[in-house]
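The structure file structure11.txt is reproduced below (compact mmCIF, C-alpha atoms and all ligand atoms).
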```txt
# COMPACT_ATOMS: atom_id res chain seq x y z
CA MET A 974 0.00 0.00 0.00
CA SER A 975 1.36 3.47 -0.91
CA ARG A 976 1.26 5.99 1.90
CA SER A 977 -1.33 8.76 1.51
CA PRO A 978 0.20 12.27 1.05
CA SER A 979 -0.06 14.50 4.11
CA LEU A 980 -2.71 17.20 4.03
CA PRO A 981 -1.53 20.84 3.72
CA ASP A 982 -1.80 22.97 6.86
CA GLN A 983 -4.90 25.08 7.29
CA PRO A 984 -3.93 28.76 6.53
CA THR A 985 -4.46 31.17 9.43
CA LEU A 986 -5.15 34.89 9.35
CA ASP A 987 -3.52 37.10 11.98
CA LEU A 988 -4.84 40.66 11.88
CA ASP A 989 -3.15 43.01 14.29
CA PRO A 990 -5.60 45.67 15.60
CA GLU A 991 -2.71 48.16 15.29
CA MET A 992 -2.54 47.64 11.50
CA GLY A 993 -3.53 50.40 9.12
CA PRO A 994 -6.07 49.78 6.32
CA ASP A 995 -3.37 49.16 3.65
CA GLU A 996 -1.57 46.65 5.81
CA ARG A 997 -4.87 44.87 6.58
CA LEU A 998 -5.71 44.73 2.88
CA ALA A 999 -2.25 43.27 2.05
CA ALA A 1000 -2.61 40.68 4.85
CA LEU A 1001 -6.07 39.71 3.61
CA GLU A 1002 -4.77 39.40 0.02
CA ASP A 1003 -1.92 37.15 1.23
CA HIS A 1004 -4.37 35.02 3.17
CA PHE A 1005 -6.67 34.76 0.15
CA ALA A 1006 -3.71 33.65 -2.03
CA GLU A 1007 -2.73 31.06 0.62
CA VAL A 1008 -6.29 29.70 0.91
CA THR A 1009 -6.49 29.46 -2.89
CA ARG A 1010 -3.17 27.52 -2.99
CA VAL A 1011 -4.33 25.09 -0.28
CA HIS A 1012 -7.63 24.64 -2.08
CA GLN A 1013 -5.81 23.76 -5.33
CA GLU A 1014 -3.51 21.37 -3.48
CA LEU A 1015 -6.46 19.63 -1.81
CA THR A 1016 -8.32 19.45 -5.14
CA SER A 1017 -5.39 17.74 -6.84
CA GLN A 1018 -4.99 15.35 -3.85
CA LEU A 1019 -8.71 14.54 -4.10
CA ASP A 1020 -8.35 13.84 -7.85
CA ALA A 1021 -5.39 11.55 -7.17
CA ALA A 1022 -7.37 9.76 -4.45
CA ARG A 1023 -10.31 9.27 -6.83
CA ASP A 1024 -8.01 7.79 -9.47
CA ARG A 1025 -6.51 5.45 -6.88
CA GLN A 1026 -9.98 4.50 -5.66
CA SER A 1027 -11.05 3.53 -9.14
CA ASP A 1028 -7.81 1.51 -9.67
CA LEU A 1029 -8.43 -0.30 -6.41
CA ARG A 1030 -12.06 -0.98 -7.31
CA GLU A 1031 -10.95 -2.57 -10.56
CA GLU A 1032 -8.47 -4.71 -8.66
CA VAL A 1033 -11.14 -5.83 -6.17
CA ASP A 1034 -13.48 -6.77 -9.03
CA LYS A 1035 -10.74 -8.78 -10.69
CA LEU A 1036 -9.89 -10.63 -7.47
CA GLN A 1037 -13.55 -11.34 -6.83
CA ARG A 1038 -13.92 -12.81 -10.31
CA GLU A 1039 -10.85 -15.00 -9.79
CA ASN A 1040 -12.18 -16.10 -6.42
CA GLU A 1041 -15.54 -17.07 -7.89
CA ALA A 1042 -13.82 -18.96 -10.70
CA LEU A 1043 -11.74 -20.88 -8.16
CA LYS A 1044 -14.78 -21.67 -6.07
CA THR A 1045 -16.89 -22.89 -8.95
CA SER A 1046 -14.28 -25.08 -10.66
CA SER A 1047 -15.17 -28.72 -9.92
CA LEU A 1048 -13.21 -30.66 -7.38
CA TYR A 1049 -12.97 -34.43 -7.03
CA LEU A 1050 -13.23 -36.49 -3.88
CA ALA A 1051 -10.45 -38.75 -2.70
CA THR A 1052 -9.36 -40.57 0.44
CA VAL A 1053 -5.88 -40.23 1.91
CA GLU A 1054 -4.28 -43.67 2.03
CA GLU A 1055 -0.72 -42.98 3.21
CA ILE A 1056 1.29 -39.98 4.26
CA ALA A 1057 5.06 -39.76 3.79
CA ASP A 1058 6.85 -36.46 4.51
CA ASP A 1059 5.51 -33.98 1.98
CA GLU A 1060 3.75 -36.53 -0.19
CA VAL A 1061 0.52 -38.43 0.15
CA VAL A 1062 -1.02 -41.39 -1.62
CA LEU A 1063 -4.60 -40.62 -2.56
CA LYS A 1064 -7.32 -42.86 -3.88
CA GLN A 1065 -9.85 -41.06 -5.99
CA HIS A 1066 -13.49 -41.95 -5.35
CA GLY A 1067 -15.43 -43.38 -8.25
CA ASN A 1068 -12.55 -44.72 -10.32
CA ASN A 1069 -10.36 -45.89 -7.40
CA GLN A 1070 -7.29 -44.52 -9.17
CA GLU A 1071 -4.33 -44.19 -6.80
CA VAL A 1072 -1.99 -41.21 -7.11
CA LEU A 1073 1.06 -39.91 -5.31
CA THR A 1074 0.84 -36.15 -4.90
CA ASP A 1075 2.68 -33.34 -3.12
CA VAL A 1076 0.96 -31.74 -0.20
CA SER A 1077 1.41 -28.16 0.97
CA PRO A 1078 2.96 -27.74 4.42
CA ARG A 1079 -0.20 -25.87 5.44
CA LEU A 1080 -2.23 -29.08 5.02
CA ALA A 1081 0.45 -31.65 5.79
CA ASP A 1082 0.03 -31.32 9.57
CA LYS A 1083 -3.74 -31.60 9.39
CA LEU A 1084 -3.94 -34.76 7.29
CA GLU A 1085 -4.41 -38.27 8.56
CA ALA A 1086 -4.73 -41.53 6.68
CA GLY A 1087 -8.42 -42.12 6.01
CA ASP A 1088 -9.31 -38.42 5.65
CA ARG A 1089 -11.60 -37.44 2.80
CA VAL A 1090 -10.26 -34.58 0.73
CA ALA A 1091 -11.31 -32.48 -2.27
CA ILE A 1092 -8.72 -32.41 -5.06
CA ASN A 1093 -8.44 -30.44 -8.28
CA ASP A 1094 -7.58 -31.64 -11.82
CA SER A 1095 -3.90 -31.89 -10.97
CA PHE A 1096 -4.60 -33.91 -7.80
CA ALA A 1097 -3.59 -31.01 -5.52
CA ILE A 1098 -5.52 -31.18 -2.26
CA GLN A 1099 -7.77 -28.13 -1.89
CA THR A 1100 -9.61 -28.89 1.35
CA VAL A 1101 -9.93 -31.60 3.96
CA LEU A 1102 -13.58 -32.55 4.33
CA ASP A 1103 -15.25 -32.75 7.65
CA THR A 1104 -16.53 -36.32 7.91
CA GLU A 1105 -19.11 -35.49 10.55
CA LYS A 1106 -20.85 -33.18 8.09
CA ASP A 1107 -21.42 -35.51 5.18
CA ALA A 1108 -22.53 -39.06 4.75
CA ARG A 1109 -21.87 -39.96 8.36
CA ALA A 1110 -24.67 -37.81 9.63
CA GLN A 1111 -27.06 -39.02 6.96
CA ALA A 1112 -26.32 -42.71 7.22
CA MET A 1113 -26.63 -43.08 10.96
CA GLU A 1114 -29.47 -42.52 13.33
CA ILE A 1115 -28.18 -41.35 16.68
CA ASP A 1116 -30.44 -41.34 19.72
CA SER A 1117 -28.70 -40.26 22.90
CA SER A 1118 -31.58 -41.33 25.13
CA PRO A 1119 -33.98 -43.82 23.58
CA SER A 1120 -37.31 -44.04 25.35
CA VAL A 1121 -38.29 -47.69 24.71
CA THR A 1122 -38.20 -49.86 27.84
CA TYR A 1123 -38.38 -53.64 28.34
CA ALA A 1124 -41.94 -53.12 29.59
CA ASP A 1125 -42.93 -51.93 26.10
CA ILE A 1126 -41.92 -55.27 24.57
CA GLY A 1127 -44.41 -58.11 24.66
CA GLY A 1128 -43.87 -61.84 24.45
CA LEU A 1129 -40.08 -61.78 24.36
CA ASP A 1130 -39.21 -62.48 28.00
CA SER A 1131 -36.52 -65.08 27.32
CA GLN A 1132 -35.00 -62.91 24.57
CA ILE A 1133 -34.94 -59.93 26.95
CA THR A 1134 -33.10 -62.04 29.53
CA GLU A 1135 -30.57 -63.16 26.94
CA VAL A 1136 -29.99 -59.63 25.63
CA ARG A 1137 -29.56 -58.35 29.17
CA GLU A 1138 -26.95 -61.02 29.90
CA ALA A 1139 -25.08 -60.52 26.65
CA VAL A 1140 -25.21 -56.74 26.34
CA GLU A 1141 -26.32 -55.11 29.55
CA ASP A 1142 -24.18 -57.05 32.03
CA PRO A 1143 -20.86 -56.45 30.20
CA LEU A 1144 -21.66 -52.72 30.14
CA THR A 1145 -22.91 -52.32 33.69
CA ASN A 1146 -21.04 -55.10 35.47
CA PRO A 1147 -17.82 -55.81 33.57
CA GLU A 1148 -15.95 -57.00 36.68
CA VAL A 1149 -18.15 -60.12 36.92
CA PHE A 1150 -16.67 -61.32 33.64
CA ASP A 1151 -13.14 -60.54 34.87
CA THR A 1152 -13.73 -62.41 38.11
CA VAL A 1153 -15.13 -65.48 36.41
CA GLY A 1154 -12.39 -65.19 33.80
CA ILE A 1155 -14.47 -65.25 30.63
CA GLU A 1156 -14.75 -62.83 27.75
CA PRO A 1157 -18.17 -61.19 27.39
CA PRO A 1158 -19.82 -61.82 24.02
CA THR A 1159 -18.58 -59.40 21.36
CA GLY A 1160 -21.63 -59.07 19.18
CA VAL A 1161 -25.23 -60.16 19.47
CA LEU A 1162 -27.21 -61.15 16.42
CA LEU A 1163 -31.00 -60.92 16.61
CA HIS A 1164 -32.70 -62.91 13.89
CA GLY A 1165 -36.33 -63.44 13.03
CA PRO A 1166 -39.16 -62.19 10.80
CA PRO A 1167 -39.68 -58.46 10.19
CA GLY A 1168 -41.65 -56.50 12.79
CA THR A 1169 -41.07 -58.83 15.73
CA GLY A 1170 -39.31 -56.31 17.98
CA LYS A 1171 -35.58 -56.66 17.20
CA THR A 1172 -34.99 -52.92 16.92
CA MET A 1173 -37.07 -52.37 20.05
CA LEU A 1174 -34.90 -54.80 22.00
CA ALA A 1175 -31.73 -52.96 20.97
CA ARG A 1176 -33.25 -49.58 21.84
CA ALA A 1177 -34.48 -50.83 25.21
CA VAL A 1178 -31.06 -52.14 26.20
CA ALA A 1179 -29.53 -48.74 25.27
CA ASN A 1180 -32.15 -47.04 27.40
CA GLN A 1181 -31.50 -49.37 30.34
CA THR A 1182 -27.74 -48.81 30.23
CA ASP A 1183 -27.94 -45.05 29.53
CA ALA A 1184 -26.03 -45.69 26.32
CA THR A 1185 -26.25 -43.76 23.08
CA PHE A 1186 -28.08 -45.77 20.43
CA ILE A 1187 -26.42 -45.58 17.02
CA LYS A 1188 -28.28 -47.30 14.22
CA MET A 1189 -27.06 -47.99 10.71
CA ALA A 1190 -29.03 -49.88 8.08
CA GLY A 1191 -26.98 -52.38 6.09
CA SER A 1192 -29.13 -51.94 3.00
CA GLU A 1193 -28.51 -48.17 2.94
CA LEU A 1194 -24.79 -48.71 3.22
CA VAL A 1195 -24.70 -50.55 -0.05
CA GLN A 1196 -27.57 -48.88 -1.93
CA LYS A 1197 -27.48 -45.24 -0.91
CA PHE A 1198 -23.86 -44.62 -0.06
CA ILE A 1199 -22.18 -46.44 -2.90
CA GLY A 1200 -18.41 -46.37 -2.57
CA GLU A 1201 -18.67 -45.17 1.03
CA GLY A 1202 -19.61 -48.41 2.83
CA ALA A 1203 -16.23 -49.34 4.33
CA ARG A 1204 -15.57 -45.75 5.28
CA LEU A 1205 -18.96 -45.45 7.01
CA VAL A 1206 -18.40 -48.65 8.98
CA ARG A 1207 -15.14 -47.16 10.26
CA ASP A 1208 -16.95 -43.91 11.09
CA LEU A 1209 -19.65 -45.87 12.88
CA PHE A 1210 -17.15 -47.42 15.28
CA GLU A 1211 -15.30 -44.13 15.71
CA LEU A 1212 -18.50 -42.36 16.58
CA ALA A 1213 -19.41 -45.08 19.09
CA GLU A 1214 -16.03 -44.60 20.72
CA GLU A 1215 -16.62 -40.86 20.98
CA ARG A 1216 -20.08 -41.35 22.45
CA GLN A 1217 -19.51 -44.34 24.72
CA PRO A 1218 -21.25 -45.94 26.45
CA ALA A 1219 -22.88 -46.74 23.14
CA ILE A 1220 -24.87 -49.49 21.46
CA ILE A 1221 -24.15 -49.93 17.77
CA PHE A 1222 -27.16 -51.41 15.99
CA ILE A 1223 -26.70 -52.66 12.45
CA ASP A 1224 -30.09 -53.44 10.94
CA GLU A 1225 -30.39 -55.73 7.89
CA ILE A 1226 -26.85 -56.96 8.29
CA ASP A 1227 -27.52 -59.51 5.53
CA ALA A 1228 -27.16 -56.64 3.02
CA ILE A 1229 -23.45 -56.42 3.77
CA ALA A 1230 -22.77 -59.94 5.00
CA SER A 1231 -24.45 -62.44 2.74
CA LYS A 1232 -22.86 -65.58 1.42
CA ARG A 1233 -20.55 -64.77 -1.44
CA THR A 1234 -22.27 -64.86 -4.77
CA GLU A 1235 -20.66 -66.28 -7.89
CA SER A 1236 -20.78 -63.02 -9.82
CA LYS A 1237 -17.76 -60.76 -9.56
CA THR A 1238 -19.36 -57.43 -10.30
CA SER A 1239 -17.95 -54.24 -8.83
CA GLY A 1240 -21.06 -53.93 -6.65
CA ASP A 1241 -20.23 -57.23 -4.99
CA ALA A 1242 -16.64 -56.11 -4.46
CA GLU A 1243 -17.92 -53.02 -2.74
CA VAL A 1244 -20.21 -55.06 -0.44
CA GLN A 1245 -17.28 -57.37 0.25
CA ARG A 1246 -15.05 -54.42 1.25
CA THR A 1247 -17.76 -53.13 3.58
CA MET A 1248 -18.06 -56.51 5.25
CA MET A 1249 -14.27 -56.88 5.58
CA GLN A 1250 -14.17 -53.48 7.28
CA LEU A 1251 -16.89 -54.60 9.69
CA LEU A 1252 -15.01 -57.80 10.50
CA SER A 1253 -11.77 -55.95 11.09
CA GLU A 1254 -13.50 -53.42 13.36
CA MET A 1255 -15.01 -56.29 15.35
CA ASP A 1256 -11.72 -58.15 15.56
CA GLY A 1257 -10.11 -55.10 17.15
CA PHE A 1258 -13.05 -54.69 19.42
CA ASP A 1259 -12.02 -55.70 22.93
CA GLN A 1260 -9.85 -52.61 23.47
CA ARG A 1261 -12.81 -50.40 22.88
CA GLY A 1262 -14.42 -50.01 26.28
CA ASP A 1263 -18.08 -49.35 26.76
CA ILE A 1264 -19.43 -50.27 23.36
CA SER A 1265 -21.77 -53.11 22.46
CA ILE A 1266 -22.74 -54.21 19.05
CA ILE A 1267 -26.07 -55.69 18.06
CA ALA A 1268 -27.06 -56.67 14.55
CA ALA A 1269 -30.40 -57.81 13.17
CA THR A 1270 -31.48 -59.83 10.18
CA ASN A 1271 -34.57 -61.51 8.86
CA ARG A 1272 -32.46 -63.50 6.37
CA PHE A 1273 -30.39 -65.62 8.74
CA ASP A 1274 -30.02 -68.33 6.09
CA MET A 1275 -28.25 -65.89 3.76
CA LEU A 1276 -25.54 -64.84 6.21
CA ASP A 1277 -21.89 -65.40 5.49
CA ARG A 1278 -20.77 -67.69 8.33
CA ALA A 1279 -17.57 -65.64 8.71
CA ILE A 1280 -19.47 -63.06 10.71
CA LEU A 1281 -20.68 -65.68 13.21
CA ARG A 1282 -17.21 -66.82 14.33
CA PRO A 1283 -16.19 -66.42 17.97
CA GLY A 1284 -15.22 -62.84 18.71
CA ARG A 1285 -17.66 -61.56 16.13
CA PHE A 1286 -21.44 -62.08 16.30
CA ASP A 1287 -21.00 -64.95 18.69
CA ARG A 1288 -24.34 -64.71 20.50
CA LEU A 1289 -27.36 -65.59 18.40
CA ILE A 1290 -30.83 -64.76 19.69
CA GLU A 1291 -33.88 -65.81 17.75
CA VAL A 1292 -36.80 -63.37 17.84
CA PRO A 1293 -39.77 -65.36 16.50
CA GLU A 1294 -43.32 -64.40 15.74
CA PRO A 1295 -45.19 -64.15 19.04
CA ASN A 1296 -47.16 -67.12 20.39
CA ASP A 1297 -50.66 -66.87 21.85
CA GLU A 1298 -49.50 -65.51 25.17
CA GLY A 1299 -47.06 -63.11 23.48
CA ARG A 1300 -49.81 -61.75 21.24
CA THR A 1301 -52.03 -61.09 24.27
CA GLU A 1302 -49.23 -59.21 25.92
CA ILE A 1303 -48.42 -57.17 22.81
CA LEU A 1304 -52.10 -56.30 22.37
CA ARG A 1305 -52.22 -55.24 26.01
CA ILE A 1306 -49.19 -52.97 25.47
CA HIS A 1307 -50.57 -51.36 22.33
CA THR A 1308 -54.06 -50.83 23.75
CA ARG A 1309 -53.00 -49.57 27.18
CA GLU A 1310 -53.51 -45.94 26.18
CA MET A 1311 -56.77 -46.73 24.35
CA SER A 1312 -60.21 -46.43 25.83
CA LEU A 1313 -61.57 -49.99 25.50
CA ASP A 1314 -65.15 -51.13 25.92
CA ASP A 1315 -65.73 -53.92 28.47
CA ASP A 1316 -66.54 -56.32 25.65
CA VAL A 1317 -62.96 -56.31 24.34
CA GLU A 1318 -61.21 -59.57 25.18
CA LEU A 1319 -57.53 -59.42 24.32
CA ALA A 1320 -57.00 -63.17 24.87
CA ALA A 1321 -59.75 -63.93 22.36
CA LEU A 1322 -58.18 -61.50 19.89
CA ALA A 1323 -54.83 -63.19 20.37
CA ASP A 1324 -56.49 -66.51 19.49
CA THR A 1325 -57.65 -65.19 16.15
CA THR A 1326 -54.45 -63.41 15.18
CA GLU A 1327 -52.11 -66.35 14.84
CA GLY A 1328 -49.20 -65.45 12.57
CA TYR A 1329 -49.43 -61.72 13.32
CA THR A 1330 -46.16 -60.04 14.33
CA GLY A 1331 -45.81 -57.29 16.95
CA ALA A 1332 -45.84 -54.62 14.25
CA GLU A 1333 -49.00 -56.10 12.77
CA LEU A 1334 -50.75 -56.24 16.15
CA GLU A 1335 -49.83 -52.59 16.66
CA SER A 1336 -51.41 -51.73 13.28
CA LEU A 1337 -54.48 -53.79 14.20
CA SER A 1338 -54.98 -51.76 17.38
CA THR A 1339 -54.58 -48.44 15.56
CA GLU A 1340 -56.95 -49.55 12.81
CA ALA A 1341 -59.59 -50.60 15.41
CA GLY A 1342 -59.31 -47.13 16.96
CA MET A 1343 -59.93 -45.62 13.50
CA PHE A 1344 -63.15 -47.65 13.15
CA ALA A 1345 -64.39 -46.30 16.51
CA ILE A 1346 -63.61 -42.73 15.43
CA ARG A 1347 -65.40 -43.22 12.10
CA ASP A 1348 -68.42 -44.39 14.10
CA ASP A 1349 -68.26 -41.31 16.33
CA ARG A 1350 -67.39 -43.29 19.43
CA THR A 1351 -64.68 -42.65 22.00
CA GLN A 1352 -64.57 -46.28 23.19
CA VAL A 1353 -63.17 -49.06 21.04
CA ARG A 1354 -65.30 -52.22 20.88
CA MET A 1355 -64.59 -55.82 19.96
CA VAL A 1356 -66.41 -55.27 16.67
CA ASP A 1357 -63.86 -52.57 15.74
CA PHE A 1358 -61.06 -55.11 16.10
CA GLU A 1359 -63.03 -57.57 13.98
CA ASP A 1360 -63.60 -54.92 11.29
CA ALA A 1361 -59.92 -53.97 11.47
CA MET A 1362 -58.90 -57.60 10.97
CA GLU A 1363 -61.19 -57.95 7.99
CA LYS A 1364 -59.81 -54.78 6.44
CA ILE A 1365 -56.29 -55.97 6.99
CA ASP A 1366 -57.03 -59.37 5.45
CA ARG A 1367 -58.65 -57.61 2.48
CA ASP A 1368 -55.61 -55.35 2.06
CA ASP A 1369 -53.38 -58.40 2.22
CA ASP A 1370 -55.34 -60.14 -0.48
CA THR A 1371 -54.92 -57.15 -2.77
CA ALA A 1372 -51.24 -56.97 -1.89
CA GLY A 1373 -50.90 -60.66 -2.72
CA THR A 1374 -48.88 -61.46 0.39
CA PRO A 1375 -50.06 -63.26 3.52
CA ILE A 1376 -49.88 -60.41 6.06
CA ALA A 1377 -47.99 -57.34 5.03
CA PHE A 1378 -48.78 -53.96 6.40
CA HIS A 1379 -45.53 -52.64 7.83
N1 LIG A 1401 -42.66 -57.76 20.71
C1 LIG A 1401 -43.24 -56.58 20.53
N2 LIG A 1401 -43.87 -55.94 21.53
C2 LIG A 1401 -44.47 -54.76 21.34
N3 LIG A 1401 -44.46 -54.10 20.18
C3 LIG A 1401 -43.84 -54.65 19.14
C4 LIG A 1401 -43.19 -55.93 19.25
N4 LIG A 1401 -42.64 -56.23 18.08
C5 LIG A 1401 -42.93 -55.22 17.25
N5 LIG A 1401 -43.64 -54.26 17.88
C6 LIG A 1401 -44.14 -53.01 17.27
O1 LIG A 1401 -43.74 -52.98 15.92
C7 LIG A 1401 -42.87 -51.90 15.65
C8 LIG A 1401 -41.73 -52.39 14.77
O2 LIG A 1401 -40.90 -53.26 15.50
P1 LIG A 1401 -39.33 -53.37 15.34
O3 LIG A 1401 -38.86 -52.22 14.47
O4 LIG A 1401 -38.69 -53.52 16.64
O5 LIG A 1401 -39.24 -54.69 14.51
P2 LIG A 1401 -37.97 -55.36 13.86
O6 LIG A 1401 -38.00 -56.78 14.28
O7 LIG A 1401 -36.76 -54.58 14.16
O8 LIG A 1401 -38.39 -55.23 12.34
P3 LIG A 1401 -37.47 -55.16 11.03
O9 LIG A 1401 -36.80 -56.49 10.90
O10 LIG A 1401 -38.50 -54.90 9.97
O11 LIG A 1401 -36.52 -54.01 11.24
C9 LIG A 1401 -42.39 -51.42 16.99
O12 LIG A 1401 -42.16 -50.04 16.99
C10 LIG A 1401 -43.51 -51.80 17.92
O13 LIG A 1401 -44.46 -50.79 17.98
```
Before anything else, please render the file you have as structure tokens.
Amino acid sequence: MSRSPSLPDQPTLDLDPEMGPDERLAALEDHFAEVTRVHQELTSQLDAARDRQSDLREEVDKLQRENEALKTSSLYLATVEEIADDEVVLKQHGNNQEVLTDVSPRLADKLEAGDRVAINDSFAIQTVLDTEKDARAQAMEIDSSPSVTYADIGGLDSQITEVREAVEDPLTNPEVFDTVGIEPPTGVLLHGPPGTGKTMLARAVANQTDATFIKMAGSELVQKFIGEGARLVRDLFELAEERQPAIIFIDEIDAIASKRTESKTSGDAEVQRTMMQLLSEMDGFDQRGDISIIAATNRFDMLDRAILRPGRFDRLIEVPEPNDEGRTEILRIHTREMSLDDDVELAALADTTEGYTGAELESLSTEAGMFAIRDDRTQVRMVDFEDAMEKIDRDDDTAGTPIAFH
């Protein structure tokens, strides 16, 4: 920046009262000449300043245009694989091309293997992306205090006991395992038909142990976040470590851990990488502290047996469709807030709803309530449940599946 020229001094007029008229006139003329000179000097300084202002404005416009151009030029995503002095090995997303590139000292200190970065055409790293902001937040559901309790789950008493032993005790009472000298189970796998309460069980155990519940759906990992699966699995475990005590819940684990198929398409390779990442996270699991991992599947037959080995999902808990007694209990839970007429007999309803899952019994109760409302009543009668069942059976017939209203 050039220094601005100093302003001329303000002229002053000193009129001595002793002065005669000629002297006063001469002094006034001198003062006028001085004021005129200062005025001219200031005018030329002002002109110079205006010229400079317009030069600077042009420069600002040019810089702004360059800035915009830089911002709008497309960048590619890559993951840092290795860091060596001033060079890094990057793997570009999408084409998986690996490149060795220089890294500026400004970024070198910030980078870690596994970071996601934005790179330009010449593979120079422009920014390090904040993982928390992107896919991680979208792919995981995080509930720091789930509200489901064991009392909200019907007909799964033995499963609740097993889950408590396998997940709750190691979190709340780890010394018992030390004293007895056994390793607590690493992962628990809940398997059974859809809508039978597997997610509820996992949420309830998180509630009971004051743990953060972190859910990730296996199907989303491979369908929605293509190319990101392995990375998200690593993020999932990192996040659990940050938030411990935590329960990691992987729903539909079959999507990332099914038996290997014959085809060798790139999609399969991606699923395979995601599963390998999961296995390696689980194998390094015992140093992790207060984290439990629960997975769920309704395709147990499809699972790759590698995930069931000791130290992985080594505790299997079957969550079946509810029996008669279970159905009564589930109906009781889902109608406890409803205003029921005396003629409603839950045990009789349970008798006629063989094959219904918990989710279906919940829908049945809601549907019965809708029939009462349509009939302008505040109390739900047995006939509403019967109508609801008929409607549901009708809907199923049109859907072409036995019972399907999840
Ligand atoms: N045993 C049960 N007791 C009470 N309610 C249940 C039970 N099972 C299911 N429900 C009801 O059905 C809903 C869905 O259940 P949940 O999500 O736990 O099933 P899921 O087995 O995890 O199903 P999916 O395999 O489709 O994920 C629950 O929110 C709950 O209202």
Considering only C-alpha atoms and all ligand atoms, give me a table of residues in chain A that are at most 8 Å from ligand LIG 1401 (chain A), with the closest atom pair and distance in Å for each, as CSV.
```
residue,atom,partner,partner_atom,distance
A:Asp1125,CA,A:LIG1401,C2,5.7
A:Ile1126,CA,A:LIG1401,N2,3.7
A:Gly1127,CA,A:LIG1401,N2,3.8
A:Gly1128,CA,A:LIG1401,N1,5.7
A:Leu1129,CA,A:LIG1401,N1,6.0
A:Gly1165,CA,A:LIG1401,O6,7.0
A:Pro1166,CA,A:LIG1401,O9,6.2
A:Pro1167,CA,A:LIG1401,O9,3.6
A:Gly1168,CA,A:LIG1401,O5,3.5
A:Thr1169,CA,A:LIG1401,N4,3.8
A:Gly1170,CA,A:LIG1401,O4,3.2
A:Lys1171,CA,A:LIG1401,O6,3.8
A:Thr1172,CA,A:LIG1401,O7,3.7
A:Met1173,CA,A:LIG1401,O4,3.9
A:Leu1174,CA,A:LIG1401,O4,6.7
A:Asp1224,CA,A:LIG1401,O11,6.5
A:Glu1225,CA,A:LIG1401,O9,7.1
A:Ala1269,CA,A:LIG1401,O9,6.9
A:Thr1270,CA,A:LIG1401,O9,6.3
A:Asn1271,CA,A:LIG1401,O9,5.9
A:Val1292,CA,A:LIG1401,O6,7.6
A:Pro1295,CA,A:LIG1401,N1,7.1
A:Gly1299,CA,A:LIG1401,N1,7.5
A:Glu1302,CA,A:LIG1401,N2,7.7
A:Ile1303,CA,A:LIG1401,C2,4.9
A:Leu1304,CA,A:LIG1401,C2,7.9
A:Ile1306,CA,A:LIG1401,C2,6.5
A:His1307,CA,A:LIG1401,N3,7.0
A:Thr1330,CA,A:LIG1401,N4,6.4
A:Gly1331,CA,A:LIG1401,N4,3.5
A:Ala1332,CA,A:LIG1401,O1,3.1
A:Glu1333,CA,A:LIG1401,O1,6.9
A:Leu1334,CA,A:LIG1401,C6,7.4
A:Glu1335,CA,A:LIG1401,C6,5.7
A:His1379,CA,A:LIG1401,O10,7.7
```
Residues within 6 Å of (-24.8, -40.5, 19.0), file coords, all atoms listed in the file, listed as a PyMOL selection string = chain A and resi 1115-1117+1185+1187+1216
Using all atoms listed in the file, which of A:Pro981, A:Asp1020, A:Leu1194, A:Thr1326 sits nearest A:Val1008?
-> A:Pro981
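Taking only C-alpha atoms into account, A:Phe1344 lies nearest to A:Phe1358 out of the set A:Phe1210, A:Phe1186, A:Phe1150, A:Phe1358.
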Within 12 Å of A:Glu1085 using only C-alpha atoms, minus same-chain residues under 5 positions, as a VMD selection string = chain A and resid 1052 to 1057 1061 to 1063 1080 1090 1101 to 1102
Which residue gives the smallest distance to A:Gly1160 among A:Asp1075, A:Asp1208, A:Glu1215, A:Asp1287, with all atoms listed in the file counted?
->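 So, comparing all the options, the nearest one is A:Asp1287.
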A:Ile1223 proximity check over A:Glu1114, A:Glu1041, A:Asp1059, A:Asp1357, using only C-alpha atoms: winner is A:Glu1114
Figure out the distance between atom CA of A:Ala1112 and atom CA of A:Asp1088, please, to one decimal in Å.
-> 17.6 Å
Tell me, in Å to one decimal, how far atom CA of A:Ala1345 is from atom CA of A:Ala1321.
->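 Calculated distance between atom CA of A:Ala1345 and atom CA of A:Ala1321 is 19.1 Å.
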Distance atom CA of A:Ala999-atom CA of A:Glu1014, one decimal place?
->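 Spanning atom CA of A:Ala999 to atom CA of A:Glu1014 is a straight-line distance of 22.6 Å.
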